[in-house]
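Novice: Contents of protein20.txt (compact mmCIF, N, CA and C atoms):
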# COMPACT_ATOMS: atom_id res chain seq x y z
N GLN M 1 -24.99 10.88 4.55
CA GLN M 1 -24.23 12.04 5.00
C GLN M 1 -22.95 11.58 5.69
N VAL M 2 -21.90 12.33 5.46
CA VAL M 2 -20.61 12.08 6.11
C VAL M 2 -20.19 13.37 6.81
N GLN M 3 -19.77 13.25 8.05
CA GLN M 3 -19.25 14.39 8.78
C GLN M 3 -17.75 14.21 8.97
N LEU M 4 -17.02 15.29 8.79
CA LEU M 4 -15.56 15.27 8.90
C LEU M 4 -15.12 16.32 9.92
N VAL M 5 -14.29 15.92 10.86
CA VAL M 5 -13.78 16.85 11.87
C VAL M 5 -12.27 16.78 11.87
N GLU M 6 -11.64 17.91 11.58
CA GLU M 6 -10.19 17.99 11.51
C GLU M 6 -9.62 18.51 12.83
N SER M 7 -8.38 18.15 13.07
CA SER M 7 -7.65 18.69 14.21
C SER M 7 -6.15 18.60 13.91
N GLY M 8 -5.36 19.34 14.69
CA GLY M 8 -3.92 19.21 14.60
C GLY M 8 -3.18 20.36 13.95
N GLY M 9 -3.88 21.36 13.47
CA GLY M 9 -3.19 22.50 12.88
C GLY M 9 -2.50 23.33 13.94
N GLY M 10 -1.77 24.34 13.48
CA GLY M 10 -1.09 25.22 14.42
C GLY M 10 0.04 25.98 13.78
N LEU M 11 0.87 26.56 14.64
CA LEU M 11 2.02 27.35 14.21
C LEU M 11 3.29 26.56 14.47
N VAL M 12 4.14 26.49 13.45
CA VAL M 12 5.40 25.75 13.59
C VAL M 12 6.48 26.48 12.81
N GLN M 13 7.71 26.32 13.25
CA GLN M 13 8.83 26.92 12.52
C GLN M 13 9.19 26.08 11.31
N ALA M 14 9.79 26.73 10.35
CA ALA M 14 10.25 26.01 9.16
C ALA M 14 11.16 24.86 9.57
N GLY M 15 10.96 23.73 8.91
CA GLY M 15 11.71 22.54 9.25
C GLY M 15 11.03 21.65 10.27
N GLY M 16 9.99 22.15 10.88
CA GLY M 16 9.27 21.41 11.89
C GLY M 16 8.24 20.46 11.30
N SER M 17 7.48 19.84 12.21
CA SER M 17 6.50 18.83 11.81
C SER M 17 5.16 19.10 12.49
N LEU M 18 4.11 18.66 11.83
CA LEU M 18 2.76 18.66 12.38
C LEU M 18 2.05 17.43 11.86
N ARG M 19 1.08 16.95 12.64
CA ARG M 19 0.22 15.88 12.17
C ARG M 19 -1.23 16.32 12.25
N LEU M 20 -1.90 16.26 11.11
CA LEU M 20 -3.32 16.57 11.04
C LEU M 20 -4.13 15.28 11.12
N SER M 21 -5.29 15.38 11.75
CA SER M 21 -6.19 14.24 11.85
C SER M 21 -7.55 14.64 11.31
N CYS M 22 -8.24 13.66 10.72
CA CYS M 22 -9.59 13.88 10.21
C CYS M 22 -10.43 12.67 10.59
N ALA M 23 -11.38 12.90 11.47
CA ALA M 23 -12.27 11.83 11.92
C ALA M 23 -13.57 11.89 11.13
N ALA M 24 -13.93 10.77 10.54
CA ALA M 24 -15.15 10.67 9.75
C ALA M 24 -16.23 9.95 10.53
N SER M 25 -17.45 10.39 10.35
CA SER M 25 -18.60 9.73 10.97
C SER M 25 -19.78 9.81 10.00
N GLY M 26 -20.82 9.03 10.31
CA GLY M 26 -21.98 8.99 9.43
C GLY M 26 -21.90 7.82 8.47
N SER M 27 -22.20 8.07 7.22
CA SER M 27 -22.25 7.00 6.20
C SER M 27 -20.85 6.69 5.67
N ILE M 28 -19.97 6.26 6.55
CA ILE M 28 -18.57 6.05 6.17
C ILE M 28 -18.41 4.88 5.22
N PHE M 29 -19.38 3.95 5.19
CA PHE M 29 -19.28 2.80 4.30
C PHE M 29 -19.30 3.24 2.83
N SER M 30 -19.82 4.43 2.57
CA SER M 30 -19.95 4.92 1.20
C SER M 30 -18.70 5.63 0.69
N ILE M 31 -17.71 5.83 1.56
CA ILE M 31 -16.53 6.61 1.19
C ILE M 31 -15.60 5.79 0.29
N ASN M 32 -15.22 6.36 -0.85
CA ASN M 32 -14.29 5.72 -1.77
C ASN M 32 -12.85 6.19 -1.56
N ALA M 33 -12.71 7.43 -1.14
CA ALA M 33 -11.37 7.98 -0.94
C ALA M 33 -11.47 9.15 0.03
N MET M 34 -10.38 9.40 0.72
CA MET M 34 -10.28 10.57 1.59
C MET M 34 -8.97 11.26 1.31
N GLY M 35 -8.97 12.56 1.49
CA GLY M 35 -7.76 13.29 1.18
C GLY M 35 -7.67 14.60 1.93
N TRP M 36 -6.58 15.27 1.67
CA TRP M 36 -6.33 16.59 2.23
C TRP M 36 -6.09 17.58 1.09
N TYR M 37 -6.73 18.71 1.21
CA TYR M 37 -6.53 19.83 0.30
C TYR M 37 -6.06 21.01 1.14
N ARG M 38 -5.52 22.01 0.46
CA ARG M 38 -5.15 23.22 1.18
C ARG M 38 -5.43 24.44 0.32
N GLN M 39 -5.64 25.55 1.00
CA GLN M 39 -5.90 26.81 0.31
C GLN M 39 -5.18 27.93 1.02
N ALA M 40 -4.24 28.53 0.30
CA ALA M 40 -3.52 29.69 0.81
C ALA M 40 -4.26 30.95 0.39
N PRO M 41 -4.06 32.05 1.09
CA PRO M 41 -4.75 33.30 0.75
C PRO M 41 -4.51 33.71 -0.70
N GLY M 42 -5.58 34.00 -1.42
CA GLY M 42 -5.48 34.45 -2.79
C GLY M 42 -5.19 33.36 -3.81
N LYS M 43 -5.17 32.11 -3.35
CA LYS M 43 -4.87 30.98 -4.25
C LYS M 43 -6.03 30.00 -4.26
N PRO M 44 -6.15 29.21 -5.33
CA PRO M 44 -7.22 28.20 -5.36
C PRO M 44 -6.89 27.03 -4.43
N ARG M 45 -7.92 26.31 -4.07
CA ARG M 45 -7.73 25.11 -3.26
C ARG M 45 -7.01 24.06 -4.11
N GLU M 46 -6.04 23.38 -3.50
CA GLU M 46 -5.26 22.39 -4.25
C GLU M 46 -5.18 21.08 -3.47
N LEU M 47 -5.07 20.01 -4.23
CA LEU M 47 -4.92 18.69 -3.63
C LEU M 47 -3.53 18.57 -3.00
N VAL M 48 -3.49 18.02 -1.80
CA VAL M 48 -2.22 17.74 -1.14
C VAL M 48 -1.92 16.25 -1.18
N ALA M 49 -2.88 15.44 -0.74
CA ALA M 49 -2.68 13.99 -0.71
C ALA M 49 -4.04 13.31 -0.64
N VAL M 50 -4.09 12.10 -1.16
CA VAL M 50 -5.33 11.33 -1.15
C VAL M 50 -5.01 9.87 -0.88
N ILE M 51 -5.91 9.18 -0.20
CA ILE M 51 -5.79 7.75 0.03
C ILE M 51 -7.14 7.11 -0.30
N THR M 52 -7.10 6.05 -1.11
CA THR M 52 -8.34 5.40 -1.51
C THR M 52 -8.75 4.33 -0.50
N SER M 53 -9.93 3.81 -0.68
CA SER M 53 -10.40 2.75 0.21
C SER M 53 -9.54 1.49 0.07
N GLY M 54 -8.87 1.36 -1.07
CA GLY M 54 -7.97 0.24 -1.27
C GLY M 54 -6.56 0.46 -0.74
N GLY M 55 -6.31 1.68 -0.25
CA GLY M 55 -5.01 1.99 0.35
C GLY M 55 -4.03 2.67 -0.58
N SER M 56 -4.40 2.91 -1.82
CA SER M 56 -3.51 3.62 -2.74
C SER M 56 -3.42 5.08 -2.33
N THR M 57 -2.23 5.64 -2.53
CA THR M 57 -2.02 7.04 -2.16
C THR M 57 -1.49 7.84 -3.35
N ASN M 58 -1.72 9.14 -3.30
CA ASN M 58 -1.21 10.04 -4.32
C ASN M 58 -0.90 11.37 -3.65
N TYR M 59 0.15 12.02 -4.11
CA TYR M 59 0.60 13.27 -3.49
C TYR M 59 0.85 14.34 -4.53
N ALA M 60 0.67 15.58 -4.11
CA ALA M 60 1.11 16.69 -4.93
C ALA M 60 2.63 16.66 -5.00
N ASP M 61 3.17 17.07 -6.13
CA ASP M 61 4.63 17.05 -6.30
C ASP M 61 5.32 17.89 -5.22
N SER M 62 4.67 18.96 -4.81
CA SER M 62 5.30 19.88 -3.86
C SER M 62 5.47 19.29 -2.46
N VAL M 63 4.77 18.19 -2.16
CA VAL M 63 4.87 17.62 -0.82
C VAL M 63 5.46 16.21 -0.81
N LYS M 64 5.72 15.66 -1.97
CA LYS M 64 6.28 14.30 -2.04
C LYS M 64 7.59 14.21 -1.27
N GLY M 65 7.70 13.17 -0.47
CA GLY M 65 8.90 12.98 0.33
C GLY M 65 8.87 13.70 1.66
N ARG M 66 7.90 14.59 1.85
CA ARG M 66 7.80 15.33 3.11
C ARG M 66 6.50 15.01 3.87
N PHE M 67 5.42 14.77 3.15
CA PHE M 67 4.12 14.51 3.76
C PHE M 67 3.76 13.04 3.55
N THR M 68 3.05 12.49 4.52
CA THR M 68 2.57 11.12 4.42
C THR M 68 1.11 11.06 4.86
N ILE M 69 0.26 10.50 4.01
CA ILE M 69 -1.14 10.29 4.36
C ILE M 69 -1.31 8.85 4.79
N SER M 70 -2.09 8.65 5.84
CA SER M 70 -2.34 7.30 6.33
C SER M 70 -3.73 7.25 6.95
N ARG M 71 -4.16 6.06 7.31
CA ARG M 71 -5.50 5.94 7.89
C ARG M 71 -5.52 4.87 8.96
N ASN M 72 -6.45 5.04 9.89
CA ASN M 72 -6.75 4.03 10.89
C ASN M 72 -8.21 3.68 10.67
N SER M 73 -8.45 2.56 10.00
CA SER M 73 -9.82 2.19 9.64
C SER M 73 -10.67 1.94 10.87
N ALA M 74 -10.07 1.41 11.92
CA ALA M 74 -10.82 1.12 13.14
C ALA M 74 -11.35 2.39 13.78
N LYS M 75 -10.62 3.50 13.59
CA LYS M 75 -11.02 4.77 14.16
C LYS M 75 -11.68 5.69 13.14
N ASN M 76 -11.80 5.20 11.90
CA ASN M 76 -12.38 6.03 10.82
C ASN M 76 -11.69 7.37 10.73
N THR M 77 -10.37 7.33 10.83
CA THR M 77 -9.58 8.55 10.87
C THR M 77 -8.47 8.49 9.83
N VAL M 78 -8.26 9.62 9.18
CA VAL M 78 -7.17 9.78 8.23
C VAL M 78 -6.20 10.82 8.79
N TYR M 79 -4.92 10.58 8.58
CA TYR M 79 -3.89 11.46 9.11
C TYR M 79 -3.04 12.04 7.97
N LEU M 80 -2.49 13.19 8.24
CA LEU M 80 -1.49 13.76 7.33
C LEU M 80 -0.29 14.16 8.17
N GLN M 81 0.77 13.38 8.05
CA GLN M 81 2.01 13.69 8.75
C GLN M 81 2.82 14.62 7.86
N MET M 82 3.12 15.79 8.37
CA MET M 82 3.83 16.80 7.59
C MET M 82 5.19 17.07 8.24
N ASN M 83 6.24 16.73 7.52
CA ASN M 83 7.61 16.94 7.99
C ASN M 83 8.32 17.97 7.12
N SER M 84 9.42 18.48 7.61
CA SER M 84 10.23 19.45 6.86
C SER M 84 9.35 20.57 6.30
N LEU M 85 8.52 21.11 7.14
CA LEU M 85 7.57 22.12 6.70
C LEU M 85 8.28 23.39 6.23
N LYS M 86 7.69 24.02 5.22
CA LYS M 86 8.21 25.23 4.62
C LYS M 86 7.18 26.35 4.75
N PRO M 87 7.62 27.59 4.71
CA PRO M 87 6.65 28.70 4.79
C PRO M 87 5.57 28.61 3.71
N GLU M 88 5.93 28.08 2.55
CA GLU M 88 4.93 27.97 1.48
C GLU M 88 3.88 26.89 1.73
N ASP M 89 4.04 26.12 2.80
CA ASP M 89 3.01 25.16 3.19
C ASP M 89 1.91 25.83 4.00
N THR M 90 2.09 27.09 4.35
CA THR M 90 1.09 27.82 5.12
C THR M 90 -0.22 27.90 4.35
N ALA M 91 -1.30 27.46 4.97
CA ALA M 91 -2.61 27.43 4.32
C ALA M 91 -3.64 26.91 5.31
N VAL M 92 -4.89 26.99 4.91
CA VAL M 92 -5.95 26.26 5.61
C VAL M 92 -6.04 24.89 4.96
N TYR M 93 -5.94 23.86 5.77
CA TYR M 93 -5.98 22.49 5.28
C TYR M 93 -7.38 21.91 5.51
N TYR M 94 -7.94 21.34 4.46
CA TYR M 94 -9.29 20.79 4.51
C TYR M 94 -9.25 19.28 4.27
N CYS M 95 -10.00 18.58 5.09
CA CYS M 95 -10.20 17.16 4.87
C CYS M 95 -11.32 16.97 3.87
N ASN M 96 -11.20 15.96 3.04
CA ASN M 96 -12.16 15.70 1.97
C ASN M 96 -12.51 14.23 1.95
N ALA M 97 -13.77 13.93 1.69
CA ALA M 97 -14.20 12.55 1.51
C ALA M 97 -15.03 12.46 0.24
N GLU M 98 -14.75 11.44 -0.55
CA GLU M 98 -15.48 11.22 -1.79
C GLU M 98 -16.30 9.94 -1.70
N SER M 99 -17.58 10.07 -1.98
CA SER M 99 -18.48 8.93 -2.06
C SER M 99 -19.30 9.22 -3.32
N PRO M 100 -20.51 8.83 -3.41
CA PRO M 100 -21.28 9.44 -4.48
C PRO M 100 -21.34 10.97 -4.37
N TYR M 101 -21.01 11.50 -3.20
CA TYR M 101 -20.99 12.95 -2.99
C TYR M 101 -19.63 13.35 -2.45
N THR M 102 -19.40 14.67 -2.44
CA THR M 102 -18.15 15.21 -1.91
C THR M 102 -18.44 15.91 -0.59
N TYR M 103 -17.62 15.60 0.40
CA TYR M 103 -17.77 16.19 1.72
C TYR M 103 -16.48 16.89 2.12
N TRP M 104 -16.65 17.98 2.90
CA TRP M 104 -15.49 18.75 3.36
C TRP M 104 -15.56 18.96 4.86
N GLY M 105 -14.40 19.01 5.47
CA GLY M 105 -14.31 19.42 6.86
C GLY M 105 -14.30 20.93 6.96
N GLN M 106 -14.20 21.42 8.19
CA GLN M 106 -14.28 22.86 8.40
C GLN M 106 -12.96 23.57 8.15
N GLY M 107 -11.89 22.81 8.06
CA GLY M 107 -10.58 23.40 7.80
C GLY M 107 -9.80 23.65 9.07
N THR M 108 -8.49 23.52 8.97
CA THR M 108 -7.61 23.81 10.10
C THR M 108 -6.40 24.59 9.58
N GLN M 109 -6.05 25.63 10.31
CA GLN M 109 -4.98 26.52 9.86
C GLN M 109 -3.62 25.93 10.18
N VAL M 110 -2.74 25.93 9.20
CA VAL M 110 -1.34 25.56 9.38
C VAL M 110 -0.50 26.77 8.99
N THR M 111 0.31 27.25 9.91
CA THR M 111 1.17 28.39 9.66
C THR M 111 2.61 28.00 9.93
N VAL M 112 3.46 28.19 8.93
CA VAL M 112 4.87 27.85 9.05
C VAL M 112 5.67 29.14 8.99
N SER M 113 6.37 29.44 10.06
CA SER M 113 7.16 30.67 10.12
C SER M 113 8.59 30.42 9.64
N SER M 114 9.15 31.44 9.03
CA SER M 114 10.52 31.30 8.49
C SER M 114 11.56 31.68 9.53
Step by step, read the file and then write its structure as C-alpha cells.

Specialist:
Amino acid sequence: QVQLVESGGGLVQAGGSLRLSCAASGSIFSINAMGWYRQAPGKPRELVAVITSGGSTNYADSVKGRFTISRNSAKNTVYLQMNSLKPEDTAVYYCNAESPYTYWGQGTQVTVSS
C-alpha cells in the first residue's frame, strides 16, 4: 500500500505561481513513477506531469515551459512548481503513484483568477 498526501493548493491570480507537494509513505520501494493529474469541472482527469524512478519527466503540452515536476527522494516527496498560471489551469490536482498498482491522493484545489 502507498499513501499520498498533497498540499499547496489555493487561490492565485493569473500570472502567479504555486507549488504543490505530494508526500508518499508506505510501500514506496514499489513505486515506478509519480505524477500529477488534474480535473476541471465537467472535464475528464488529465495528465499534467510525471517523473519516473529514473528521473525522466514528461509534461502535457499545455503546461510545458510553465510547470516543473521534481522530487526529493530523501523526503519521499514530489513537487509541482507551477508558474505563469492561467485561469484554465483551475482544477483539482491529484497526486498519482504507479507501482504494480495505481494510487491517488485526495486532491487539492487550485483556482486561478483572471

Novice: Tell me, as a PyMOL selection string, which residues lie within 8 Å of Ala40 (chain M), counting only C-alpha atoms; anything in the same chain fewer than 6 positions away does not count.

Specialist: chain M and resi 90-92

Novice: Work out how far apart atom C of Thr57 (chain M) and atom C of Leu4 (chain M) are and give it in Å to one decimal.

Specialist: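 Computing it gives 20.8 Å between the two atoms.
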
Novice: Between M:Ile28, M:Ala60, M:Ala33, M:Val12, which one has atoms that come closest to Glu98 (chain M), using all atoms listed in the file?

Specialist: M:Ala33

Novice: Pull the strand (DSSP E or B) assignments for chain M out of DSSP run on the backbone, and list those residues as a ChimeraX atom specification.

Specialist: /M:2-7,10-13,18-26,33-39,46-52,57-59,67-72,77-82,91-98,102-104,108-113

Novice: Measure the distance from CA of Cys95 (chain M) to CA of Gln3 (chain M) in Å and round it to one decimal.

Specialist: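 According to the coordinates, CA of Cys95 (chain M) and CA of Gln3 (chain M) are separated by 10.2 Å.
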
Novice: List the residues sitting within 8 Å of (-5.4, 20.2, 16.6) in the file's frame, using only N, CA and C atoms, as a ChimeraX atom specification.

Specialist: /M:6-10,19-21,108

Novice: Work out how far apart CA of Pro44 (chain M) and CA of Val78 (chain M) are and give it in Å to one decimal.

Specialist: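 About the pair CA of Pro44 (chain M) and CA of Val78 (chain M): they are 22.9 Å apart.
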
Novice: Restricting the calculation to only N, CA and C atoms, which member of M:Val112, M:Gly16, M:Gly65, M:Val2 is positioned closest to Asp89 (chain M)?

Specialist: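 Smallest distance to Asp89 (chain M) is found for M:Val112.
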
Novice: Given the choices M:Leu18, M:Ala97, M:Ala24, M:Val5, which gets closest to Gln81 (chain M) if the distance is worked out from all atoms listed in the file?

Specialist: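 Of the candidates, the smallest distance to Gln81 (chain M) is held by M:Leu18.
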
Novice: Please identify the helix (DSSP H, G or I) residues within chain M (assignment by DSSP from backbone atoms) and present them as number ranges by chain.

Specialist: M: 28-30, 73-75, 87-89

Novice: Within 6.5 Å of Ile51 (chain M), counting only N, CA and C atoms, which residues show up once you throw out same-chain ones fewer than 4 positions away? Write them as number ranges by chain, please.

Specialist: M: 32-36, 55-58

Novice: Find the residue from M:Val63, M:Ala23, M:Tyr93, M:Glu88 that sits nearest to Gln39 (chain M); use all atoms listed in the file when measuring.

Specialist: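 Looking at the shortest contact to Gln39 (chain M), the residue is M:Tyr93.
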
Novice: If we count all atoms listed in the file and set the cut-off at 6.5 Å, which residues sit around Leu11 (chain M), ignoring sequence neighbours fewer than 3 positions away in its own chain? Please answer as a ChimeraX atom specification.

Specialist: /M:109-113

Novice: Point out the residue among M:Tyr101, M:Phe67, M:Tyr37, M:Phe29 with the least atom-to-atom distance to Ser17 (chain M), counting only C-alpha atoms.

Specialist: M:Phe67

Novice: Any idea what's packed within 6.5 Å of Gly15 (chain M), counting only N, CA and C atoms, ignoring anything in its chain fewer than 5 positions away? Could you give it as a PDB file with N, CA and C atoms, in the frame of the given file?

Specialist:
ATOM      1  N   ASN M  83       6.240  16.730   7.520  1.00  0.00           N
ATOM      2  CA  ASN M  83       7.610  16.940   7.990  1.00  0.00           C
ATOM      3  C   ASN M  83       8.320  17.970   7.120  1.00  0.00           C
ATOM      4  N   SER M  84       9.420  18.480   7.610  1.00  0.00           N
ATOM      5  CA  SER M  84      10.230  19.450   6.860  1.00  0.00           C
ATOM      6  C   SER M  84       9.350  20.570   6.300  1.00  0.00           C
ATOM      7  N   LEU M  85       8.520  21.110   7.140  1.00  0.00           N
ATOM      8  CA  LEU M  85       7.570  22.120   6.700  1.00  0.00           C
ATOM      9  C   LEU M  85       8.280  23.390   6.230  1.00  0.00           C
ATOM     10  N   LYS M  86       7.690  24.020   5.220  1.00  0.00           N
ATOM     11  CA  LYS M  86       8.210  25.230   4.620  1.00  0.00           C
ATOM     12  C   LYS M  86       7.180  26.350   4.750  1.00  0.00           C
TER      13      LYS M  86
END
